[in-house]
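Peer 1: Sharing coords39.cif (mmCIF, C-alpha atoms) below.
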```cif
data_query
#
loop_
_atom_site.label_atom_id
_atom_site.label_comp_id
_atom_site.auth_asym_id
_atom_site.auth_seq_id
_atom_site.Cartn_x
_atom_site.Cartn_y
_atom_site.Cartn_z
CA MET B 1 64.55 22.83 -2.19
CA ARG B 2 63.77 19.40 -0.80
CA GLU B 3 64.85 20.46 2.68
CA ARG B 4 62.55 23.48 2.52
CA VAL B 5 59.59 21.32 1.49
CA ILE B 6 60.28 18.87 4.32
CA ALA B 7 60.60 21.73 6.80
CA LEU B 8 57.32 23.20 5.55
CA LEU B 9 55.54 19.86 5.92
CA LYS B 10 56.85 19.48 9.44
CA THR B 11 55.62 22.96 10.28
CA LEU B 12 52.20 22.18 8.81
CA LYS B 13 52.01 19.00 10.85
CA TRP B 14 52.94 20.88 14.00
CA ILE B 15 50.37 23.61 13.36
CA SER B 16 47.66 21.04 12.64
CA SER B 17 48.42 18.92 15.69
CA ARG B 18 48.42 22.01 17.89
CA ASN B 19 45.31 23.75 16.53
CA LEU B 20 43.01 21.45 14.57
CA GLY B 21 41.32 19.69 17.49
CA ARG B 22 40.77 22.97 19.35
CA ILE B 23 39.43 24.71 16.25
CA VAL B 24 36.96 21.94 15.40
CA TRP B 25 35.70 21.72 18.99
CA ASN B 26 35.32 25.47 19.48
CA LEU B 27 33.55 25.90 16.14
CA PHE B 28 31.21 23.05 17.07
CA LEU B 29 30.31 24.85 20.29
CA ALA B 30 29.89 28.15 18.42
CA PHE B 31 27.58 26.60 15.83
CA ILE B 32 25.24 25.06 18.43
CA PRO B 33 23.51 28.41 19.17
CA LEU B 34 23.61 29.26 15.46
CA GLY B 35 21.70 26.10 14.58
CA LEU B 36 19.29 26.63 17.46
CA SER B 37 18.62 30.21 16.33
CA PHE B 38 17.33 29.00 12.97
CA TRP B 39 15.09 26.46 14.71
CA LEU B 40 13.86 28.73 17.50
CA PHE B 41 13.25 31.91 15.56
CA ARG B 42 11.81 30.71 12.28
CA ARG B 43 8.35 31.89 11.24
CA GLY B 44 5.41 30.08 12.76
CA ARG B 45 7.35 28.57 15.66
CA SER B 46 5.17 28.49 18.80
CA ARG B 47 6.69 29.18 22.21
CA SER B 48 6.08 25.82 23.87
CA VAL B 49 7.93 24.27 26.82
CA VAL B 50 10.36 22.70 24.36
CA TRP B 51 10.90 26.10 22.77
CA TRP B 52 11.79 27.69 26.11
CA LEU B 53 14.17 24.85 26.95
CA GLY B 54 15.82 25.34 23.57
CA PHE B 55 16.05 29.07 24.23
CA VAL B 56 17.82 28.44 27.56
CA VAL B 57 20.31 26.15 25.79
CA PHE B 58 20.73 28.82 23.11
CA LEU B 59 21.67 31.44 25.72
CA ALA B 60 23.91 29.02 27.62
CA PHE B 61 25.99 28.13 24.56
CA LEU B 62 25.94 31.54 22.87
CA PRO B 63 29.07 32.89 24.66
CA ASN B 64 31.08 30.12 22.96
CA ALA B 65 30.82 31.99 19.66
CA PRO B 66 32.38 35.35 20.67
CA TYR B 67 34.72 33.44 23.02
CA ILE B 68 36.62 32.44 19.88
CA LEU B 69 37.92 36.01 19.71
CA THR B 70 40.13 35.24 22.71
CA ASP B 71 41.87 32.50 20.72
CA ILE B 72 43.95 35.24 19.15
CA ILE B 73 46.48 34.31 21.84
CA HIS B 74 47.10 31.07 19.93
CA LEU B 75 47.71 33.06 16.76
CA ILE B 76 50.30 35.16 18.57
CA TYR B 77 51.99 32.02 19.91
CA ASP B 78 52.12 30.36 16.47
CA VAL B 79 53.49 33.51 14.81
CA ARG B 80 56.27 33.64 17.37
CA ALA B 81 57.00 29.91 17.07
CA VAL B 82 57.22 29.77 13.27
CA ASP B 83 60.38 31.14 11.68
CA SER B 84 59.20 31.38 8.08
CA VAL B 85 57.43 34.60 7.11
CA TRP B 86 55.78 32.82 4.18
CA THR B 87 54.39 30.11 6.45
CA VAL B 88 52.96 32.74 8.77
CA THR B 89 51.48 34.74 5.88
CA LEU B 90 50.05 31.88 3.84
CA ILE B 91 49.11 29.33 6.50
CA VAL B 92 49.17 30.45 10.13
CA PHE B 93 47.44 33.81 9.76
CA PRO B 94 44.71 32.71 7.27
CA LEU B 95 43.92 29.61 9.36
CA HIS B 96 43.41 31.56 12.59
CA LEU B 97 41.66 34.45 10.85
CA LEU B 98 39.15 32.14 9.17
CA PHE B 99 38.55 30.38 12.49
CA ILE B 100 37.99 33.59 14.45
CA LEU B 101 35.80 35.20 11.78
CA SER B 102 33.67 32.06 11.41
CA GLY B 103 33.06 31.83 15.14
CA PHE B 104 32.13 35.47 15.54
CA GLU B 105 29.96 35.43 12.42
CA ALA B 106 28.02 32.56 14.02
CA TYR B 107 27.38 34.90 16.95
CA VAL B 108 26.29 37.74 14.68
CA VAL B 109 23.84 35.63 12.67
CA SER B 110 22.45 34.06 15.85
CA LEU B 111 21.62 37.50 17.25
CA MET B 112 20.30 38.70 13.91
CA ASN B 113 17.89 35.77 13.90
CA LEU B 114 16.77 36.73 17.40
CA GLY B 115 16.44 40.40 16.44
CA TYR B 116 14.31 39.76 13.39
CA TYR B 117 12.21 37.33 15.39
CA LEU B 118 11.49 40.10 17.89
CA GLN B 119 10.66 42.37 14.98
CA ARG B 120 8.20 39.87 13.51
CA ILE B 121 6.33 39.44 16.82
CA GLY B 122 5.99 43.20 17.31
CA MET B 123 8.81 43.71 19.82
CA LYS B 124 11.14 45.69 17.59
CA LYS B 125 11.76 48.32 20.28
CA PHE B 126 13.43 45.69 22.47
CA ILE B 127 15.99 44.56 19.89
CA LEU B 128 18.77 46.93 20.94
CA ALA B 129 18.21 46.24 24.64
CA ALA B 130 18.26 42.49 23.96
CA GLU B 131 21.47 42.75 21.95
CA LEU B 132 23.25 44.83 24.58
CA SER B 133 22.07 42.55 27.38
CA ILE B 134 23.33 39.49 25.54
CA HIS B 135 26.66 41.21 24.79
CA ALA B 136 27.02 41.85 28.53
CA LEU B 137 26.12 38.26 29.46
CA CYS B 138 28.53 36.94 26.84
CA ALA B 139 31.29 39.20 28.18
CA ILE B 140 30.77 37.62 31.60
CA GLY B 141 30.66 34.17 30.01
CA ILE B 142 33.91 34.81 28.14
CA TYR B 143 35.61 35.87 31.35
CA LEU B 144 34.38 32.74 33.13
CA GLY B 145 35.54 30.57 30.27
CA ARG B 146 38.96 32.13 29.77
CA PHE B 147 40.03 32.61 33.40
CA PRO B 148 38.18 30.30 35.88
CA ARG B 149 37.79 27.91 32.87
CA TYR B 150 34.09 27.17 33.20
CA ASN B 151 32.05 25.63 30.38
CA SER B 152 28.43 26.08 29.31
CA TRP B 153 27.38 22.76 30.85
CA ASP B 154 28.70 23.87 34.24
CA LEU B 155 25.39 25.72 34.58
CA ILE B 156 23.92 22.26 35.25
CA THR B 157 26.83 20.25 36.61
CA ARG B 158 28.37 22.92 38.90
CA PRO B 159 25.79 25.66 39.44
CA ASP B 160 26.85 26.46 43.03
CA ASP B 161 30.53 26.84 42.10
CA LEU B 162 29.62 28.94 39.09
CA VAL B 163 27.39 31.33 41.03
CA GLY B 164 30.00 31.62 43.79
CA THR B 165 32.71 32.45 41.28
CA VAL B 166 30.55 35.08 39.58
CA VAL B 167 29.76 36.76 42.89
CA GLU B 168 33.33 36.68 44.18
CA ASP B 169 35.21 37.48 40.96
CA LEU B 170 33.00 40.22 39.60
CA ILE B 171 33.41 42.25 42.78
CA GLY B 172 37.06 42.86 41.94
CA LYS B 173 38.13 45.80 39.80
CA ILE B 174 40.29 43.78 37.39
CA PRO B 175 37.60 41.21 36.49
CA LEU B 176 35.06 44.00 36.06
CA ALA B 177 37.48 45.91 33.82
CA ILE B 178 38.07 42.78 31.72
CA VAL B 179 34.33 42.18 31.39
CA PHE B 180 33.68 45.82 30.46
CA ILE B 181 36.42 45.89 27.81
CA THR B 182 35.16 42.59 26.41
CA PHE B 183 31.64 44.02 26.29
CA VAL B 184 32.84 47.08 24.36
CA VAL B 185 34.83 44.96 21.89
CA ILE B 186 31.91 42.60 21.29
CA THR B 187 29.48 45.49 20.83
CA ILE B 188 31.64 47.29 18.28
CA LEU B 189 32.55 44.15 16.33
CA TYR B 190 28.95 42.97 16.35
CA TRP B 191 27.74 46.23 14.84
CA LEU B 192 30.42 46.12 12.13
CA PHE B 193 29.85 42.45 11.29
CA LYS B 194 26.09 42.95 11.28
CA GLN B 195 26.30 45.74 8.70
CA VAL B 196 28.53 43.67 6.46
CA THR B 197 26.30 40.60 6.82
CA ILE B 198 23.15 42.57 5.99
CA GLY B 199 24.91 44.05 2.95
CA VAL B 200 25.97 40.62 1.70
CA LEU B 201 22.49 39.15 2.25
CA TRP B 202 20.87 42.10 0.50
CA GLN B 203 23.23 41.83 -2.46
CA ARG B 204 22.49 38.12 -2.83
CA GLY B 205 18.74 38.56 -2.48
CA ALA B 206 18.64 36.46 0.69
CA ILE B 207 17.39 39.18 3.02
CA ASP B 208 13.75 37.95 2.84
CA PHE B 209 14.42 35.55 5.70
CA TYR B 210 14.92 38.55 7.98
CA LEU B 211 11.94 40.62 6.89
CA PRO B 212 8.57 40.67 8.67
CA ALA B 213 5.89 38.55 7.07
CA LYS B 214 3.82 41.62 6.09
CA THR B 215 6.78 43.15 4.28
CA ILE B 216 7.38 39.97 2.28
CA THR B 217 3.69 39.70 1.32
CA HIS B 218 3.69 43.32 0.24
CA GLN B 219 6.74 42.77 -1.95
CA LYS B 220 5.20 39.73 -3.63
CA ASP B 221 2.11 41.72 -4.64
CA PHE B 222 4.11 43.82 -7.08
#
```
In structure tokens, write the structure found in this file.
Peer 2:
Amino acid sequence: MRERVIALLKTLKWISSRNLGRIVWNLFLAFIPLGLSFWLFRRGRSRSVVWWLGFVVFLAFLPNAPYILTDIIHLIYDVRAVDSVWTVTLIVFPLHLLFILSGFEAYVVSLMNLGYYLQRIGMKKFILAAELSIHALCAIGIYLGRFPRYNSWDLITRPDDLVGTVVEDLIGKIPLAIVFITFVVITILYWLFKQVTIGVLWQRGAIDFYLPAKTITHQKDF
């Protein structure tokens, strides 16, 4: 029994040393656009120069949230590296699943905030187009982050290299196929996560944040 406990502790230490730093950093990057979305798209926020700068930063960092989906490769590696089925079931899989779901949920809520902002300012008809456009841009961003290994700040520090890579890589059939598949996956998962999120918010009575001001006023009159 003692040997099993020691072996389990060693496995936990190995898993933590291999994944904890990466998980914390990637979640930090994913939560940057989430935090900005609450600041940018709250009611009464005027579109000043600072607002537009914040919006550019929001778009630049947004691909970091769905990018976390690609970290499933680390889950596969850990499952193969760990011998114990119980360790995989109780530790490895829940850890990676929570990480991936948290990152993608940050993406979903960020876009929901944008969508309901467009709805409040009378641009509801552009919500779907905005979502699909951002899915496509994020698919490109994920490709650039996973393969050429660019980061969000490379838009400022290495703009020429970044543009050159986009032009050269996205001409090829394989990169385009990867981007297209990523776009499809993001689109489907976003729709599913969005429905679940709306359901949870509605059940908890927290959906008022996402309703137009007129709707909320109307509800309060009753």
Peer 1: Running the PyMOL selection byres ((chain B and resi 146-159) around 12) on this model by hand, what would come out? Give it as a PyMOL selection string.
Peer 2: chain B and resi 26+29-30+32-33+56-71+73+138-145+160-166+168-170+174-175+178-179+182
Peer 1: Written as a PyMOL selection string, what is the full residue list that the PyMOL selection byres ((chain B and resi 41-54) around 12) yields on the file shown?
Peer 2: chain B and resi 32-40+55-62+109-121+208-214
Peer 1: Measuring atom to atom with all atoms listed in the file, identify which of B:Val184, B:Leu27, B:Leu176, B:Leu201 is nearest to Leu132 of chain B.
Peer 2: B:Val184
Peer 1: For atom CA of Val24 of chain B and atom CA of Leu95 of chain B, quote the distance in Å rounded to one decimal.
Peer 2: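 One can read the atom CA of Val24 of chain B to atom CA of Leu95 of chain B distance as 12.0 Å.
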Peer 1: Could you tell me how far atom CA of His74 of chain B lies from atom CA of Phe99 of chain B, in Å and to one decimal?
Peer 2: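 Atom CA of His74 of chain B sits 11.4 Å away from atom CA of Phe99 of chain B.
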Peer 1: What is the atom CA of Gly103 of chain B-atom CA of Phe193 of chain B distance in Å, reported with one decimal?
Peer 2: 11.7 Å
Peer 1: If you count only C-alpha atoms, which residues fall within 8 Å of Val92 of chain B, apart from same-chain ones fewer than 4 positions away, as a ChimeraX atom specification?
Peer 2: /B:15,75,78-79,87-88,96
Peer 1: Start from the incomplete input, build all heavy atoms for segment 86-97 of chain B, and deliver everything as a compact mmCIF listing (two decimals), in the frame of the given file.
Peer 2:
```txt
# COMPACT_ATOMS: atom_id res chain seq x y z
N TRP B 86 56.74 33.32 5.16
CA TRP B 86 55.78 32.82 4.18
C TRP B 86 54.79 31.86 4.85
O TRP B 86 53.60 31.87 4.53
CB TRP B 86 56.50 32.12 3.03
CG TRP B 86 57.20 33.08 2.12
CD1 TRP B 86 58.54 33.29 2.00
CD2 TRP B 86 56.57 34.00 1.23
NE1 TRP B 86 58.81 34.28 1.08
CE2 TRP B 86 57.61 34.74 0.58
CE3 TRP B 86 55.25 34.29 0.89
CZ2 TRP B 86 57.36 35.72 -0.37
CZ3 TRP B 86 55.00 35.27 -0.07
CH2 TRP B 86 56.05 35.97 -0.68
N THR B 87 55.27 31.03 5.75
CA THR B 87 54.39 30.11 6.45
C THR B 87 53.38 30.87 7.31
O THR B 87 52.20 30.53 7.35
CB THR B 87 55.21 29.15 7.34
OG1 THR B 87 56.16 28.45 6.53
CG2 THR B 87 54.30 28.15 8.03
N VAL B 88 53.86 31.91 7.96
CA VAL B 88 52.96 32.74 8.77
C VAL B 88 51.92 33.42 7.89
O VAL B 88 50.72 33.44 8.20
CB VAL B 88 53.76 33.79 9.56
CG1 VAL B 88 52.82 34.80 10.21
CG2 VAL B 88 54.63 33.12 10.60
N THR B 89 52.36 33.96 6.76
CA THR B 89 51.48 34.74 5.88
C THR B 89 50.46 33.87 5.16
O THR B 89 49.29 34.24 5.04
CB THR B 89 52.32 35.50 4.83
OG1 THR B 89 53.28 36.32 5.50
CG2 THR B 89 51.43 36.37 3.96
N LEU B 90 50.91 32.70 4.68
CA LEU B 90 50.05 31.88 3.84
C LEU B 90 49.28 30.79 4.59
O LEU B 90 48.29 30.27 4.07
CB LEU B 90 50.89 31.22 2.74
CG LEU B 90 51.61 32.18 1.78
CD1 LEU B 90 52.45 31.40 0.78
CD2 LEU B 90 50.60 33.07 1.05
N ILE B 91 49.74 30.45 5.79
CA ILE B 91 49.11 29.33 6.50
C ILE B 91 48.61 29.74 7.88
O ILE B 91 47.41 29.64 8.18
CB ILE B 91 50.08 28.14 6.62
CG1 ILE B 91 50.46 27.64 5.21
CG2 ILE B 91 49.44 27.02 7.43
CD1 ILE B 91 51.50 26.57 5.21
N VAL B 92 49.52 30.19 8.73
CA VAL B 92 49.17 30.45 10.13
C VAL B 92 48.11 31.55 10.24
O VAL B 92 47.06 31.35 10.87
CB VAL B 92 50.42 30.84 10.94
CG1 VAL B 92 50.03 31.23 12.36
CG2 VAL B 92 51.42 29.70 10.96
N PHE B 93 48.37 32.68 9.64
CA PHE B 93 47.44 33.81 9.76
C PHE B 93 46.09 33.52 9.11
O PHE B 93 45.04 33.74 9.75
CB PHE B 93 48.06 35.07 9.16
CG PHE B 93 47.28 36.31 9.46
CD1 PHE B 93 47.34 36.92 10.71
CD2 PHE B 93 46.46 36.88 8.49
CE1 PHE B 93 46.60 38.06 10.99
CE2 PHE B 93 45.72 38.02 8.77
CZ PHE B 93 45.79 38.60 10.02
N PRO B 94 46.03 33.01 7.86
CA PRO B 94 44.71 32.71 7.27
C PRO B 94 43.92 31.67 8.07
O PRO B 94 42.70 31.79 8.20
CB PRO B 94 45.07 32.17 5.88
CG PRO B 94 46.39 32.77 5.57
CD PRO B 94 47.11 32.82 6.89
N LEU B 95 44.61 30.65 8.59
CA LEU B 95 43.92 29.61 9.36
C LEU B 95 43.24 30.20 10.59
O LEU B 95 42.04 29.97 10.83
CB LEU B 95 44.92 28.53 9.79
CG LEU B 95 44.37 27.45 10.74
CD1 LEU B 95 43.30 26.61 10.03
CD2 LEU B 95 45.51 26.56 11.24
N HIS B 96 43.97 30.98 11.37
CA HIS B 96 43.41 31.56 12.59
C HIS B 96 42.36 32.62 12.26
O HIS B 96 41.35 32.73 12.96
CB HIS B 96 44.53 32.16 13.43
CG HIS B 96 45.36 31.15 14.14
ND1 HIS B 96 44.97 30.57 15.33
CD2 HIS B 96 46.57 30.59 13.84
CE1 HIS B 96 45.89 29.71 15.73
NE2 HIS B 96 46.86 29.71 14.84
N LEU B 97 42.61 33.40 11.22
CA LEU B 97 41.66 34.45 10.85
C LEU B 97 40.33 33.85 10.43
O LEU B 97 39.26 34.32 10.84
CB LEU B 97 42.24 35.31 9.73
CG LEU B 97 41.39 36.53 9.32
CD1 LEU B 97 41.26 37.50 10.48
CD2 LEU B 97 42.01 37.23 8.11
```
